[in-house]
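To start, the structure itself, in C-alpha cells.
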Amino acid sequence: MSRRKTERLLNLVICLLATRRPLSAEQIRQAVPGYDRDGDEAFQRMFERDKNELREIGIPIDVVRDPWEDEPGYRIQRESYELPEITLEPDEAAVLGLAAQVWQRASLAEAASGALLKLRAGGVATDQPVGTGALELRVDTRDPAFPALWEAVRDRRVVRFDYRGAGSESVRARTVEPWGVVSRRGRWYLAGFDRDRQAPRAFRLSRITGQVAHVGKPGVVRVPEGVDLRAMVGFPDETTDERVAVVRVRQGACEGVRQLARAVHPGVDGWDEAELTFSDPERLAGWMASLGGDVEVVEPPDAREAVIRRLKGAMA
C-alpha cells in the first residue's frame, strides 16, 4: 500500500472517529486530505473502495440514514472500534512503547491532526481526546534530520550532511555509515562510522544543518556485531544543567509555550513574556524557529543566536 493511500485511510478513520455526528460523503470529501476535489465520480469510487478496505480489516463503519437528510451519514462508533483491555508483560510494554514513539514522529500523525483541524474549521464538532491522545507526540523529535536518518538506518544506506561541532561555529561535511538513531536525556543522536574520520562517531541531530542526503544504494551499511549504540552517545561532557530563556510570545498565540513556561508575564504592544527552562540551546532553537513570527527569544545570547542561525538556514 502506498504512503499516500495509507495517510488517506488513516485520516478517514480519524475523521469518522472524531465526529460527534454522522458525516455526509461530501463533508468527508472536504475534510479528509487525499480525496479528489474535482471529479464526483472519481471521489465516489475512491470512497467506496476505502470503506470496503477498512471494513475488510475489521473497522466498523456505520451508515446512518436520517429521514430529514437526503444523503446517508457515516461514522465509527468508538465503543465498537476500541480494543478491550490488554494486559502486557513489562518487556512487551517497553517494546510497544518504543515502536509507538517512533511511529508518532512520522508525518502520518501530522496529516491526521490536519484532518481534525479541517473538521473543526468546517463547523464539525469533534471529540478532543481523539486528537490529543492517540496522535500526541510523546518523544520530542523536532530535529529536521530525524526522518531522513531514520530511513537511512532502516535501509542501511550511507548519508552525507553538514555538521557543526560542539562549541564551534564552523560547519563541515560528514559522510557516515548509519548504525542507529538513539535518544539520550531528551536529545537524539546518530551513531555510526564516520568515513571522513575513519572511526565510529556519534552526532547530535540538533547540530546537523541543512538537508541530509542519501548516498549510494541501500543495503551497503553493515552494523558491527556487539556494537553498543547507547555507549557511543554516553559523552561525559554533556551537561543537564537547566537554564532559563526569556521569550516574547505574541498574545493569543503559542498556547503550548505558555503551558510549558514556568511563568508568563503580561506585556504590552500585543506581546507577553514567558520564562522557559532548557538545557540545550539547539533543541530550544528548533522549537522556537518552528513557531515563526509568534515568538522571539530575548535571552540568553547563545539560544537567541541559535534561533537566528536556524532561520537564516531556512531562508537560504
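Labels used: A, B, ... for chains in the order of the C-alpha cells, numbers from 1 for residues in each chain, and numbers from 1 for ligands as shown.
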Within 9 Å of range 181-196 of chain A using only C-alpha atoms, minus same-chain residues under 6 positions, as an NGL selection string: :A and (139-141 or 143 or 146 or 149-150 or 153 or 173-175 or 202-206 or 223 or 229-230 or 232-234 or 240 or 280 or 283)
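Closest approach to Ile59 in chain A from the set A:Ser170, A:Gln77, A:Thr209, A:Gln44 is made by A:Gln77, with distances taken over only C-alpha atoms.
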Selection: 10 Å around Phe161 in chain A, only C-alpha atoms, excl. self and same-chain fewer than 2 positions, as a PyMOL selection string: chain A and resi 145+159+163+171-176+208-214
With C-alpha atoms retained, could you export that selection as a compact mmCIF listing (two decimals), in the first residue's frame?
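Output below, filename part_20.txt:
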```txt
# COMPACT_ATOMS: atom_id res chain seq x y z
CA ALA A 145 17.22 15.49 10.17
CA VAL A 159 24.31 9.58 4.40
CA TYR A 163 27.63 19.21 10.89
CA VAL A 171 30.39 23.57 9.72
CA ARG A 172 31.94 20.58 7.96
CA ALA A 173 30.52 17.97 5.63
CA ARG A 174 30.39 14.46 7.07
CA THR A 175 29.84 11.14 5.30
CA VAL A 176 28.53 8.50 7.69
CA ILE A 208 23.08 18.90 11.72
CA THR A 209 22.46 21.81 9.36
CA GLY A 210 20.68 21.69 6.04
CA GLN A 211 19.40 18.58 4.33
CA VAL A 212 20.55 15.00 4.87
CA ALA A 213 21.48 13.39 1.56
CA HIS A 214 21.35 9.64 0.91
```
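Residues in contact with range 2-6 of chain A at 10 Å, where only C-alpha atoms are counted and same-chain residues fewer than 4 positions away are skipped, are listed as Leu10, Asn11, Leu12, Pro33, Gly34, Tyr35, Asp50 and Leu108 of chain A.
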Surrounding residues of Arg222 in chain A excluding itself and chain neighbours under 3 positions, 10 Å, only C-alpha atoms, as a PyMOL selection string: chain A and resi 156-157+177-179+192-193+219+225
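Near Arg258 in chain A, within 10 Å and counting only C-alpha atoms, sit A:Val249, A:Ala253, A:Ala263, A:Val264, A:Asp272, A:Glu273, A:Ala274, A:Glu275, A:Leu276; same-chain residues fewer than 5 positions away were not included.
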Option closest in space to Asp62 in chain A, from A:Arg49, A:Arg309, A:Arg21, A:Arg164 [counting only C-alpha atoms]: A:Arg21
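Here CA of Trp271 in chain A and CA of Gly286 in chain A stand 20.9 Å from one another.
Compared by their closest atoms to Tyr81 in chain A, and using only C-alpha atoms, the residues A:Leu284, A:Met46, A:Ile14, A:Leu9 rank with A:Ile14 nearest.
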